[in-house]
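Undergrad: This one is final28.cif, mmCIF, C-alpha atoms and all ligand atoms.
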data_data
#
loop_
_atom_site.group_PDB
_atom_site.id
_atom_site.type_symbol
_atom_site.label_atom_id
_atom_site.label_comp_id
_atom_site.auth_asym_id
_atom_site.auth_seq_id
_atom_site.Cartn_x
_atom_site.Cartn_y
_atom_site.Cartn_z
ATOM 1 C CA MET T 15 -7.975 26.628 -1.559
ATOM 2 C CA THR T 16 -5.545 25.658 -4.285
ATOM 3 C CA PRO T 17 -6.758 25.466 -7.914
ATOM 4 C CA ARG T 18 -6.279 21.685 -7.857
ATOM 5 C CA LEU T 19 -8.545 21.236 -4.853
ATOM 6 C CA LEU T 20 -11.125 23.519 -6.404
ATOM 7 C CA LEU T 21 -10.986 21.400 -9.552
ATOM 8 C CA ALA T 22 -11.444 18.275 -7.456
ATOM 9 C CA LEU T 23 -14.592 19.743 -5.930
ATOM 10 C CA LEU T 24 -15.973 20.841 -9.292
ATOM 11 C CA THR T 25 -15.437 17.484 -10.930
ATOM 12 C CA LEU T 26 -16.684 15.271 -8.099
ATOM 13 C CA PRO T 27 -19.573 12.970 -8.954
ATOM 14 C CA LEU T 28 -22.827 14.253 -7.503
ATOM 15 C CA ALA T 29 -23.104 11.431 -4.984
ATOM 16 C CA ALA T 30 -19.694 12.235 -3.590
ATOM 17 C CA GLN T 31 -20.618 15.895 -3.290
ATOM 18 C CA THR T 32 -23.785 15.208 -1.384
ATOM 19 C CA ALA T 33 -22.413 12.452 0.839
ATOM 20 C CA PRO T 34 -21.715 13.481 4.435
ATOM 21 C CA ASN T 35 -18.102 12.603 3.753
ATOM 22 C CA SER T 36 -16.552 12.175 0.378
ATOM 23 C CA LEU T 37 -13.685 10.135 -0.945
ATOM 24 C CA PHE T 38 -11.734 13.332 -1.028
ATOM 25 C CA GLY T 39 -12.030 13.946 2.674
ATOM 26 C CA THR T 40 -14.108 16.123 4.934
ATOM 27 C CA LYS T 41 -16.113 18.675 2.984
ATOM 28 C CA ALA T 42 -14.657 22.178 2.987
ATOM 29 C CA SER T 43 -17.976 23.546 4.283
ATOM 30 C CA ASP T 44 -17.688 21.368 7.416
ATOM 31 C CA LEU T 45 -14.438 23.005 8.380
ATOM 32 C CA PRO T 46 -13.983 26.123 10.492
ATOM 33 C CA PRO T 47 -13.451 29.172 8.306
ATOM 34 C CA ALA T 48 -9.887 30.344 7.840
ATOM 35 C CA GLY T 49 -8.607 27.020 9.191
ATOM 36 C CA PRO T 50 -5.485 25.655 7.596
ATOM 37 C CA VAL T 51 -7.043 22.214 7.086
ATOM 38 C CA ALA T 52 -8.534 21.442 3.692
ATOM 39 C CA GLN T 53 -9.472 18.222 1.921
ATOM 40 C CA GLY T 54 -7.660 15.881 4.275
ATOM 41 C CA VAL T 55 -4.427 17.821 4.094
ATOM 42 C CA PRO T 56 -3.050 18.381 7.606
ATOM 43 C CA PRO T 57 -2.133 21.821 8.907
ATOM 44 C CA ALA T 58 0.853 23.322 7.189
ATOM 45 C CA ALA T 59 4.048 21.605 8.269
ATOM 46 C CA PRO T 60 6.441 23.535 10.469
ATOM 47 C CA ALA T 61 9.269 25.277 8.664
ATOM 48 C CA ALA T 62 11.705 22.841 7.093
ATOM 49 C CA GLY T 63 14.504 21.769 9.362
ATOM 50 C CA ILE T 64 12.653 22.143 12.652
ATOM 51 C CA ASN T 65 10.763 18.886 12.365
ATOM 52 C CA ALA T 66 12.505 17.160 9.499
ATOM 53 C CA ALA T 67 12.559 13.780 11.307
ATOM 54 C CA GLN T 68 8.748 13.632 11.395
ATOM 55 C CA PRO T 69 7.541 11.429 8.516
ATOM 56 C CA ASP T 70 4.898 12.944 6.244
ATOM 57 C CA THR T 71 1.786 10.809 6.772
ATOM 58 C CA SER T 72 -0.686 13.111 5.050
ATOM 59 C CA VAL T 73 -3.109 11.615 2.553
ATOM 60 C CA VAL T 74 -4.317 13.417 -0.565
ATOM 61 C CA ILE T 75 -6.974 11.865 -2.799
ATOM 62 C CA THR T 76 -7.738 13.448 -6.156
ATOM 63 C CA PRO T 77 -9.838 12.303 -9.123
ATOM 64 C CA PHE T 78 -7.735 10.571 -11.738
ATOM 65 C CA ARG T 79 -10.200 9.118 -14.220
ATOM 66 C CA LEU T 80 -13.845 9.937 -13.768
ATOM 67 C CA LEU T 81 -16.510 7.518 -14.724
ATOM 68 C CA THR T 82 -18.325 7.932 -18.027
ATOM 69 C CA LEU T 83 -21.701 6.276 -18.180
ATOM 70 C CA PRO T 84 -23.256 5.302 -21.493
ATOM 71 C CA GLU T 85 -25.744 7.711 -23.060
ATOM 72 C CA PRO T 86 -29.075 6.131 -23.980
ATOM 73 C CA LYS T 87 -29.356 5.509 -27.718
ATOM 74 C CA VAL T 88 -33.051 4.708 -27.746
ATOM 75 C CA SER T 89 -35.875 6.204 -25.688
ATOM 76 C CA ARG T 90 -39.235 4.567 -25.135
ATOM 77 C CA THR T 91 -42.228 4.908 -22.846
ATOM 78 C CA PHE T 92 -43.726 2.259 -20.589
ATOM 79 C CA GLN T 93 -47.408 3.132 -20.132
ATOM 80 C CA LEU T 94 -48.795 1.558 -16.982
ATOM 81 C CA SER T 95 -52.414 1.793 -18.212
ATOM 82 C CA LYS T 96 -51.506 -0.506 -21.132
ATOM 83 C CA LEU T 97 -50.311 -3.253 -18.796
ATOM 84 C CA ASN T 98 -51.053 -6.717 -20.214
ATOM 85 C CA ARG T 99 -53.105 -5.403 -23.140
ATOM 86 C CA ILE T 100 -52.834 -7.684 -26.139
ATOM 87 C CA GLY T 101 -50.016 -6.610 -28.420
ATOM 88 C CA SER T 102 -48.382 -4.195 -25.990
ATOM 89 C CA PHE T 103 -44.894 -4.726 -24.617
ATOM 90 C CA GLU T 104 -46.111 -3.509 -21.235
ATOM 91 C CA THR T 105 -46.428 -6.899 -19.521
ATOM 92 C CA THR T 106 -46.211 -7.761 -15.828
ATOM 93 C CA LYS T 107 -43.036 -9.716 -16.593
ATOM 94 C CA GLU T 108 -41.430 -6.736 -18.370
ATOM 95 C CA LEU T 109 -42.431 -4.383 -15.524
ATOM 96 C CA GLN T 110 -40.810 -6.757 -13.026
ATOM 97 C CA ARG T 111 -37.647 -6.977 -15.131
ATOM 98 C CA LEU T 112 -37.409 -3.201 -15.505
ATOM 99 C CA TYR T 113 -38.109 -2.657 -11.797
ATOM 100 C CA THR T 114 -35.295 -5.066 -10.897
ATOM 101 C CA ALA T 115 -32.946 -2.997 -13.092
ATOM 102 C CA PHE T 116 -34.329 0.238 -11.602
ATOM 103 C CA ALA T 117 -33.834 -1.023 -8.023
ATOM 104 C CA GLY T 118 -30.255 -2.019 -8.833
ATOM 105 C CA GLN T 119 -29.485 1.443 -10.211
ATOM 106 C CA ARG T 120 -30.837 3.477 -7.304
ATOM 107 C CA ILE T 121 -29.136 4.115 -4.009
ATOM 108 C CA VAL T 122 -31.094 4.661 -0.823
ATOM 109 C CA ASP T 123 -30.281 8.067 0.606
ATOM 110 C CA GLY T 124 -31.849 11.029 2.345
ATOM 111 C CA SER T 125 -33.531 12.452 -0.769
ATOM 112 C CA PRO T 126 -37.300 13.133 -0.615
ATOM 113 C CA ALA T 127 -38.122 10.073 -2.757
ATOM 114 C CA GLY T 128 -35.984 7.927 -0.447
ATOM 115 C CA SER T 129 -33.570 7.050 -3.232
ATOM 116 C CA SER T 130 -31.711 8.638 -6.093
ATOM 117 C CA LYS T 131 -30.079 7.470 -9.284
ATOM 118 C CA ALA T 132 -26.666 5.879 -8.819
ATOM 119 C CA THR T 133 -23.998 7.838 -10.659
ATOM 120 C CA GLY T 134 -21.784 4.785 -11.209
ATOM 121 C CA TYR T 135 -22.023 1.030 -11.642
ATOM 122 C CA LEU T 136 -23.054 -0.910 -8.571
ATOM 123 C CA THR T 137 -21.247 -4.088 -7.710
ATOM 124 C CA THR T 138 -20.510 -6.344 -4.734
ATOM 125 C CA VAL T 139 -17.050 -5.793 -3.306
ATOM 126 C CA ASN T 140 -15.294 -8.269 -1.003
ATOM 127 C CA TYR T 141 -12.494 -6.544 0.868
ATOM 128 C CA ALA T 142 -9.720 -6.712 3.445
ATOM 129 C CA LEU T 143 -8.679 -3.292 4.753
ATOM 130 C CA LEU T 144 -4.971 -2.507 4.294
ATOM 131 C CA GLN T 145 -4.587 1.090 5.405
ATOM 132 C CA ASP T 146 -6.730 3.747 7.038
ATOM 133 C CA LEU T 147 -6.756 6.914 4.915
ATOM 134 C CA GLY T 148 -8.909 8.896 7.371
ATOM 135 C CA ASP T 149 -12.578 9.955 7.198
ATOM 136 C CA GLN T 150 -13.679 6.306 6.802
ATOM 137 C CA ARG T 151 -11.681 5.984 3.588
ATOM 138 C CA PHE T 152 -9.520 2.880 3.256
ATOM 139 C CA LEU T 153 -7.063 1.269 0.937
ATOM 140 C CA ALA T 154 -8.184 -2.343 0.587
ATOM 141 C CA LYS T 155 -7.375 -5.608 -1.142
ATOM 142 C CA ALA T 156 -10.617 -6.208 -2.971
ATOM 143 C CA ALA T 157 -12.458 -8.412 -5.420
ATOM 144 C CA TRP T 158 -15.591 -7.604 -7.390
ATOM 145 C CA PRO T 159 -17.430 -8.984 -10.414
ATOM 146 C CA ALA T 160 -17.519 -6.972 -13.635
ATOM 147 C CA ALA T 161 -20.411 -4.532 -13.977
ATOM 148 C CA GLY T 162 -22.064 -2.497 -16.686
ATOM 149 C CA PRO T 163 -22.612 -3.181 -20.391
ATOM 150 C CA ASN T 164 -19.713 -4.997 -22.041
ATOM 151 C CA ASP T 165 -18.124 -5.171 -18.583
ATOM 152 C CA ALA T 166 -17.475 -1.404 -18.599
ATOM 153 C CA LEU T 167 -16.166 -1.876 -15.064
ATOM 154 C CA ALA T 168 -13.730 -4.767 -15.294
ATOM 155 C CA ALA T 169 -13.751 -7.364 -12.543
ATOM 156 C CA GLY T 170 -11.234 -6.987 -9.727
ATOM 157 C CA VAL T 171 -9.329 -9.994 -8.448
ATOM 158 C CA ASP T 172 -7.094 -9.435 -5.427
ATOM 159 C CA THR T 173 -6.902 -5.815 -6.544
ATOM 160 C CA MET T 174 -6.078 -2.770 -4.443
ATOM 161 C CA ALA T 175 -8.981 -0.313 -4.339
ATOM 162 C CA VAL T 176 -10.059 2.745 -2.365
ATOM 163 C CA LEU T 177 -13.262 2.349 -0.361
ATOM 164 C CA LEU T 178 -15.411 4.953 1.362
ATOM 165 C CA LEU T 179 -17.305 3.025 4.034
ATOM 166 C CA ASP T 180 -20.516 4.164 5.700
ATOM 167 C CA LYS T 181 -19.437 2.885 9.109
ATOM 168 C CA PRO T 182 -16.252 3.028 11.184
ATOM 169 C CA ALA T 183 -13.787 0.210 10.501
ATOM 170 C CA LYS T 184 -10.184 -0.656 11.174
ATOM 171 C CA VAL T 185 -7.219 -2.062 9.308
ATOM 172 C CA GLY T 186 -7.444 -5.858 9.051
ATOM 173 C CA ASP T 187 -11.238 -5.897 8.889
ATOM 174 C CA THR T 188 -12.701 -7.994 6.110
ATOM 175 C CA GLY T 189 -16.195 -7.752 4.721
ATOM 176 C CA LYS T 190 -18.527 -7.390 1.786
ATOM 177 C CA LEU T 191 -20.338 -4.296 0.613
ATOM 178 C CA THR T 192 -22.496 -2.987 -2.184
ATOM 179 C CA GLY T 193 -20.251 -0.418 -3.767
ATOM 180 C CA MET T 194 -20.917 2.316 -6.291
ATOM 181 C CA HIS T 195 -17.936 2.649 -8.597
ATOM 182 C CA VAL T 196 -16.970 6.330 -8.833
ATOM 183 C CA GLY T 197 -14.021 6.018 -11.208
ATOM 184 C CA MET T 198 -10.340 5.994 -10.470
ATOM 185 C CA VAL T 199 -8.577 8.187 -7.923
ATOM 186 C CA ALA T 200 -4.966 9.052 -7.270
ATOM 187 C CA VAL T 201 -3.924 8.558 -3.629
ATOM 188 C CA LEU T 202 -0.796 10.224 -2.292
ATOM 189 C CA LEU T 203 0.169 8.445 0.928
ATOM 190 C CA THR T 204 2.913 6.977 3.030
ATOM 191 C CA ALA T 205 2.380 3.225 2.782
ATOM 192 C CA GLU T 206 1.840 1.354 6.046
ATOM 193 C CA PHE T 207 1.773 -2.144 4.589
ATOM 194 C CA PRO T 208 4.527 -4.475 3.384
ATOM 195 C CA PRO T 209 6.493 -4.428 1.164
ATOM 196 C CA LEU T 210 6.009 -0.681 0.640
ATOM 197 C CA ALA T 211 5.826 0.354 4.315
ATOM 198 C CA GLY T 212 7.347 3.764 4.939
ATOM 199 C CA ARG T 213 7.471 4.741 1.274
ATOM 200 C CA ARG T 214 5.775 7.922 0.124
ATOM 201 C CA LEU T 215 3.999 7.184 -3.147
ATOM 202 C CA THR T 216 1.029 7.816 -5.391
ATOM 203 C CA LEU T 217 -1.297 4.933 -6.249
ATOM 204 C CA ARG T 218 -4.025 5.074 -8.870
ATOM 205 C CA ARG T 219 -6.916 2.851 -7.918
ATOM 206 C CA GLU T 220 -10.586 2.171 -8.626
ATOM 207 C CA ALA T 221 -12.760 3.815 -5.968
ATOM 208 C CA PHE T 222 -16.049 2.631 -4.484
ATOM 209 C CA VAL T 223 -18.556 4.306 -2.173
ATOM 210 C CA GLU T 224 -20.497 1.928 0.092
ATOM 211 C CA CYS T 225 -24.237 2.257 -0.393
ATOM 212 C CA ALA T 226 -27.552 0.448 -0.138
ATOM 213 C CA THR T 227 -29.748 -0.212 -3.159
ATOM 214 C CA LEU T 228 -33.503 0.004 -3.399
ATOM 215 C CA GLU T 229 -35.358 -3.100 -2.249
ATOM 216 C CA ASP T 230 -36.240 -5.483 -5.087
ATOM 217 C CA SER T 231 -39.361 -7.087 -3.618
ATOM 218 C CA PRO T 232 -43.095 -7.276 -4.409
ATOM 219 C CA ALA T 233 -43.655 -4.460 -1.868
ATOM 220 C CA GLY T 234 -40.986 -2.354 -3.567
ATOM 221 C CA LEU T 235 -42.562 -2.978 -6.968
ATOM 222 C CA GLN T 236 -45.961 -2.025 -5.551
ATOM 223 C CA ARG T 237 -44.586 1.316 -4.246
ATOM 224 C CA PHE T 238 -42.881 1.855 -7.610
ATOM 225 C CA ALA T 239 -46.164 1.357 -9.538
ATOM 226 C CA GLU T 240 -47.970 3.673 -7.089
ATOM 227 C CA ALA T 241 -45.316 6.349 -7.602
ATOM 228 C CA ILE T 242 -45.747 6.133 -11.398
ATOM 229 C CA ALA T 243 -49.541 6.327 -11.057
ATOM 230 C CA ALA T 244 -49.050 9.428 -8.884
ATOM 231 C CA GLY T 245 -47.012 11.021 -11.665
ATOM 232 C CA ALA T 246 -43.445 10.568 -10.410
ATOM 233 C CA ASP T 247 -40.812 11.166 -13.096
ATOM 234 C CA LEU T 248 -39.081 7.764 -13.188
ATOM 235 C CA ASN T 249 -36.928 6.120 -15.806
ATOM 236 C CA VAL T 250 -34.448 3.277 -16.110
ATOM 237 C CA LEU T 251 -31.492 2.598 -18.381
ATOM 238 C CA THR T 252 -31.122 -0.972 -19.641
ATOM 239 C CA HIS T 253 -29.023 -2.627 -22.284
ATOM 240 C CA GLU T 254 -31.048 -4.537 -24.815
ATOM 241 C CA GLN T 255 -30.047 -6.821 -27.650
ATOM 242 C CA ALA T 256 -31.109 -5.390 -30.990
ATOM 243 C CA SER T 257 -30.635 -6.451 -34.580
ATOM 244 C CA CYS T 258 -27.487 -4.937 -36.109
ATOM 245 C CA LYS T 259 -28.435 -2.138 -38.501
ATOM 246 C CA ALA T 260 -25.167 -2.283 -40.469
ATOM 247 C CA CYS T 261 -25.741 -5.845 -41.708
ATOM 248 C CA GLY T 262 -29.496 -6.174 -41.193
ATOM 249 C CA GLY T 263 -28.928 -8.825 -38.511
ATOM 250 C CA LEU T 264 -27.128 -11.204 -40.877
ATOM 251 C CA GLY T 265 -23.661 -10.849 -39.378
ATOM 252 C CA PHE T 266 -22.137 -10.123 -42.789
ATOM 253 C CA THR T 267 -22.517 -7.765 -45.748
ATOM 254 C CA ARG T 268 -22.358 -8.733 -49.424
ATOM 255 C CA GLU T 269 -19.791 -7.455 -51.865
ATOM 256 C CA PRO T 270 -20.335 -8.118 -55.607
ATOM 257 C CA GLN T 271 -17.365 -9.884 -57.239
ATOM 258 C CA LYS T 272 -16.614 -8.830 -60.802
ATOM 259 C CA GLY T 273 -17.194 -11.705 -63.191
ATOM 260 C CA GLN T 274 -18.514 -14.014 -60.497
ATOM 261 C CA LEU T 275 -22.009 -15.186 -59.854
ATOM 262 C CA LEU T 276 -21.829 -15.163 -56.069
ATOM 263 C CA ASP T 277 -21.228 -12.116 -53.856
ATOM 264 C CA LYS T 278 -18.426 -12.186 -51.371
ATOM 265 C CA ARG T 279 -19.571 -12.244 -47.744
ATOM 266 C CA VAL T 280 -17.756 -9.682 -45.639
ATOM 267 C CA PRO T 281 -17.940 -10.276 -41.871
ATOM 268 C CA CYS T 282 -19.691 -7.344 -40.156
ATOM 269 C CA ALA T 283 -17.299 -5.462 -37.895
ATOM 270 C CA GLU T 284 -20.129 -3.510 -36.244
ATOM 271 C CA CYS T 285 -21.525 -6.607 -34.491
ATOM 272 C CA ALA T 286 -18.515 -8.955 -34.703
ATOM 273 C CA SER T 287 -20.550 -11.141 -37.102
ATOM 274 C CA THR T 288 -23.174 -11.913 -34.464
ATOM 275 C CA GLY T 289 -25.975 -9.962 -36.156
ATOM 276 C CA LYS T 290 -26.809 -8.418 -32.782
ATOM 277 C CA VAL T 291 -25.706 -5.275 -30.986
ATOM 278 C CA THR T 292 -26.254 -4.071 -27.437
ATOM 279 C CA VAL T 293 -28.167 -0.811 -27.303
ATOM 280 C CA ALA T 294 -28.575 1.468 -24.270
ATOM 281 C CA VAL T 295 -32.326 2.005 -23.891
ATOM 282 C CA GLU T 296 -33.948 4.554 -21.615
ATOM 283 C CA THR T 297 -37.473 3.594 -20.569
ATOM 284 C CA LYS T 298 -39.657 6.359 -19.103
ATOM 285 C CA PHE T 299 -42.611 5.281 -16.988
ATOM 286 C CA VAL T 300 -45.949 7.058 -17.319
ATOM 287 C CA PRO T 301 -49.378 6.367 -15.746
HETATM 288 ZN ZN ZN T 401 -23.661 -6.398 -38.077
#
If you convert what's in this file into structure tokens, what do you get?
TA:
Amino acid sequence: MTPRLLLALLTLPLAAQTAPNSLFGTKASDLPPAGPVAQGVPPAAPAAGINAAQPDTSVVITPFRLLTLPEPKVSRTFQLSKLNRIGSFETTKELQRLYTAFAGQRIVDGSPAGSSKATGYLTTVNYALLQDLGDQRFLAKAAWPAAGPNDALAAGVDTMAVLLLDKPAKVGDTGKLTGMHVGMVAVLLTAEFPPLAGRRLTLRREAFVECATLEDSPAGLQRFAEAIAAGADLNVLTHEQASCKACGGLGFTREPQKGQLLDKRVPCAECASTGKVTVAVETKFVP
């Protein structure tokens, strides 16, 4: 294994590591030992000259820019036993809102709890498959709405992206999936689509893994509340509007002017004069 491939394995998001297949090809552990095949790279090419006419159609996918998720700034506890008590923030409406966020941040998988935390932003991707990259990975023309706080994942409009699908598909297929954004990858390939057909090139594209999210339904909420009551360690990250500390929520700060009665108002850069900031809040659920 080359150092670069080892690095790719070490820096893969958790979900990609645990998926049966990953964006970066068949897992090394699935391969026969001592085989020449690794990470989607075909067996070593014959010595130069013997087969020079054969075009190189190998595909290599490596991480280019990994995703960085926001760190929670504020931590709080949602106590289920305080639900709907006068003066507490633990209301049925707030529980429903937080559960909706929780459901949208969890992907259904084979873990014991039936789901695990998504390691990237989830969004709906409309796609048309352009090229098969092997192992159910595709280059696609895609469109998706922005996701995350302050549109951390920008929207895609008729944008090329790399998709890892959970079912077999073929070039030309169109569809819609719930995708977990896993950052940007570099794809080395020989293009099979116009106007680049036949050219060997590296593309850097946003990558999505197809997944299913937890069910946001009364039954799902019921199971969620039961899991908390049973002591499950559950939390959710949301982005809440809070008053700007720098300007006290006014949107400006005051600056005394020498020899003048009135202070000068300086627009607050921290909150762009809105008086409000978006804060990442982690809510832990307890019985
Ligand atoms: Zn401010």
Undergrad: Pick from T:Cys285, T:Ala246, T:Leu235, T:Val196: nearest to Thr82 in chain T, with all atoms listed in the file counted?
TA: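 Of T:Cys285, T:Ala246, T:Leu235, T:Val196, the one nearest Thr82 in chain T, counting all atoms listed in the file, is T:Val196.
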Undergrad: Which residues are close to Val176 in chain T, i.e. within 6 Å by all atoms listed in the file, leaving aside same-chain residues fewer than 3 positions away? Reply as a list of chain:residue names.
TA: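 These residues fall inside the cut-off: T:Phe152, T:Leu153, T:Ala221.
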Undergrad: All residues within 9 Å of ligand ZN 401 (chain T) are required, counting all atoms listed in the file; please report them as a PyMOL selection string.
TA: chain T and resi 257-267+281-291
Undergrad: Which residue gives the smallest distance to Thr204 in chain T among T:Ser89, T:Ser129, T:Gln145, T:Gln236, with all atoms listed in the file counted?
TA: T:Gln145
Undergrad: Enumerate, as a VMD selection string, the residues matched when the PyMOL selection byres (((chain T and resi 295) around 9) and not hetatm) is run on the file above.
TA: chain T and resid 85 to 90 250 to 254 293 to 294 296 to 297
Undergrad: Go ahead and save the residues from that selection, with C-alpha atoms, as a PDB file, in the frame of the given file.
TA:
ATOM      1  CA  GLU T  85     -25.744   7.711 -23.060  1.00  0.00           C
ATOM      2  CA  PRO T  86     -29.075   6.131 -23.980  1.00  0.00           C
ATOM      3  CA  LYS T  87     -29.356   5.509 -27.718  1.00  0.00           C
ATOM      4  CA  VAL T  88     -33.051   4.708 -27.746  1.00  0.00           C
ATOM      5  CA  SER T  89     -35.875   6.204 -25.688  1.00  0.00           C
ATOM      6  CA  ARG T  90     -39.235   4.567 -25.135  1.00  0.00           C
ATOM      7  CA  VAL T 250     -34.448   3.277 -16.110  1.00  0.00           C
ATOM      8  CA  LEU T 251     -31.492   2.598 -18.381  1.00  0.00           C
ATOM      9  CA  THR T 252     -31.122  -0.972 -19.641  1.00  0.00           C
ATOM     10  CA  HIS T 253     -29.023  -2.627 -22.284  1.00  0.00           C
ATOM     11  CA  GLU T 254     -31.048  -4.537 -24.815  1.00  0.00           C
ATOM     12  CA  VAL T 293     -28.167  -0.811 -27.303  1.00  0.00           C
ATOM     13  CA  ALA T 294     -28.575   1.468 -24.270  1.00  0.00           C
ATOM     14  CA  GLU T 296     -33.948   4.554 -21.615  1.00  0.00           C
ATOM     15  CA  THR T 297     -37.473   3.594 -20.569  1.00  0.00           C
TER      16      THR T 297
END
Undergrad: Decode the PyMOL selection byres (((chain T and resi 110) around 12) and not hetatm) for the given file into explicit residues and return them as an mmCIF file with C-alpha atoms, in the frame of the given file.
TA:
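File result.cif, as written:
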data_model
loop_
_atom_site.group_PDB
_atom_site.id
_atom_site.type_symbol
_atom_site.label_atom_id
_atom_site.label_comp_id
_atom_site.auth_asym_id
_atom_site.auth_seq_id
_atom_site.Cartn_x
_atom_site.Cartn_y
_atom_site.Cartn_z
ATOM 1 C CA LEU T 97 -50.311 -3.253 -18.796
ATOM 2 C CA GLU T 104 -46.111 -3.509 -21.235
ATOM 3 C CA THR T 105 -46.428 -6.899 -19.521
ATOM 4 C CA THR T 106 -46.211 -7.761 -15.828
ATOM 5 C CA LYS T 107 -43.036 -9.716 -16.593
ATOM 6 C CA GLU T 108 -41.430 -6.736 -18.370
ATOM 7 C CA LEU T 109 -42.431 -4.383 -15.524
ATOM 8 C CA ARG T 111 -37.647 -6.977 -15.131
ATOM 9 C CA LEU T 112 -37.409 -3.201 -15.505
ATOM 10 C CA TYR T 113 -38.109 -2.657 -11.797
ATOM 11 C CA THR T 114 -35.295 -5.066 -10.897
ATOM 12 C CA ALA T 115 -32.946 -2.997 -13.092
ATOM 13 C CA PHE T 116 -34.329 0.238 -11.602
ATOM 14 C CA ALA T 117 -33.834 -1.023 -8.023
ATOM 15 C CA ASP T 230 -36.240 -5.483 -5.087
ATOM 16 C CA SER T 231 -39.361 -7.087 -3.618
ATOM 17 C CA PRO T 232 -43.095 -7.276 -4.409
ATOM 18 C CA ALA T 233 -43.655 -4.460 -1.868
ATOM 19 C CA GLY T 234 -40.986 -2.354 -3.567
ATOM 20 C CA LEU T 235 -42.562 -2.978 -6.968
ATOM 21 C CA GLN T 236 -45.961 -2.025 -5.551
ATOM 22 C CA PHE T 238 -42.881 1.855 -7.610
ATOM 23 C CA ALA T 239 -46.164 1.357 -9.538
#
Undergrad: Care to translate the PyMOL selection byres (((chain T and resi 189-193) around 6) and not hetatm) into actual residues of this file, as a PDB file with C-alpha atoms, in the frame of the given file?
TA:
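Everything below was put into result31.pdb:
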ATOM      1  CA  LEU T 136     -23.054  -0.910  -8.571  1.00  0.00           C
ATOM      2  CA  THR T 137     -21.247  -4.088  -7.710  1.00  0.00           C
ATOM      3  CA  THR T 138     -20.510  -6.344  -4.734  1.00  0.00           C
ATOM      4  CA  VAL T 139     -17.050  -5.793  -3.306  1.00  0.00           C
ATOM      5  CA  ASN T 140     -15.294  -8.269  -1.003  1.00  0.00           C
ATOM      6  CA  TYR T 141     -12.494  -6.544   0.868  1.00  0.00           C
ATOM      7  CA  THR T 188     -12.701  -7.994   6.110  1.00  0.00           C
ATOM      8  CA  MET T 194     -20.917   2.316  -6.291  1.00  0.00           C
ATOM      9  CA  PHE T 222     -16.049   2.631  -4.484  1.00  0.00           C
ATOM     10  CA  VAL T 223     -18.556   4.306  -2.173  1.00  0.00           C
ATOM     11  CA  GLU T 224     -20.497   1.928   0.092  1.00  0.00           C
ATOM     12  CA  CYS T 225     -24.237   2.257  -0.393  1.00  0.00           C
TER      13      CYS T 225
END
Undergrad: Could you check how far CA of Gly148 in chain T sits from CA of Tyr135 in chain T, in Å to one decimal?
TA: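 Interatomic distance, CA of Gly148 in chain T to CA of Tyr135 in chain T: 24.4 Å.
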Undergrad: Return the single residue from T:Ala183, T:Leu177, T:Leu147, T:Ala154 that is closest to Ser72 in chain T, with distances computed using only C-alpha atoms.
TA: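 Smallest separation from Ser72 in chain T among the options: T:Leu147.
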Undergrad: State, in Å with one decimal place, the distance from CA of Ala205 in chain T to CA of Leu167 in chain T.
TA: 26.2 Å
Undergrad: As an exercise, work out the distance from CA of Ala211 in chain T to CA of Gly186 in chain T in Å and give it to one decimal place.
TA: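 Answer for the CA of Ala211 in chain T to CA of Gly186 in chain T separation: 15.4 Å.
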Undergrad: I'd like the contact shell of Thr227 in chain T - 8 Å cut-off, all atoms listed in the file, skipping same-chain residues fewer than 5 positions apart - returned as a PDB file with C-alpha atoms, in the coordinates of the input.
TA:
ATOM      1  CA  ALA T 117     -33.834  -1.023  -8.023  1.00  0.00           C
ATOM      2  CA  GLY T 118     -30.255  -2.019  -8.833  1.00  0.00           C
ATOM      3  CA  GLN T 119     -29.485   1.443 -10.211  1.00  0.00           C
ATOM      4  CA  ARG T 120     -30.837   3.477  -7.304  1.00  0.00           C
ATOM      5  CA  ILE T 121     -29.136   4.115  -4.009  1.00  0.00           C
ATOM      6  CA  VAL T 122     -31.094   4.661  -0.823  1.00  0.00           C
ATOM      7  CA  THR T 192     -22.496  -2.987  -2.184  1.00  0.00           C
TER       8      THR T 192
END
Undergrad: Considering all atoms listed in the file, return as a PyMOL selection string whatever protein or nucleic-acid residues lie within 7 Å of Pro77 in chain T, sequence-local ones (same chain, fewer than 2 positions apart) excluded.
TA: chain T and resi 22+75+79-80+198-200
Undergrad: As lines of an AutoDock Vina configuration file, please: the centre and edge lengths in Å, to one decimal, of an axis-aligned box enclosing every listed atom of range 75-78 of chain T with 6 Å added on each side.
TA:
center_x = -8.4
center_y = 12.0
center_z = -7.3
size_x = 14.9
size_y = 14.9
size_z = 20.9
Undergrad: How would you write as a list in words the residues that get within 6 Å of (-52.5, 4.5, -15.6) in the file's frame, counting all atoms listed in the file?
TA: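 Applying the cut-off with all atoms listed in the file, one gets Leu94, Ser95, Ala243 and Pro301 of chain T.
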Undergrad: T:Ile100, T:Leu83, T:Val73, T:Ala169: which is nearest Glu206 in chain T, counting only C-alpha atoms?
TA: T:Val73
Undergrad: When distances are computed from all atoms listed in the file, which of T:Asn249, T:Thr76, T:Gln274, T:Thr91 shows the smallest separation from Gly197 in chain T?
TA: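 Of all the options, T:Thr76 lies closest to Gly197 in chain T.
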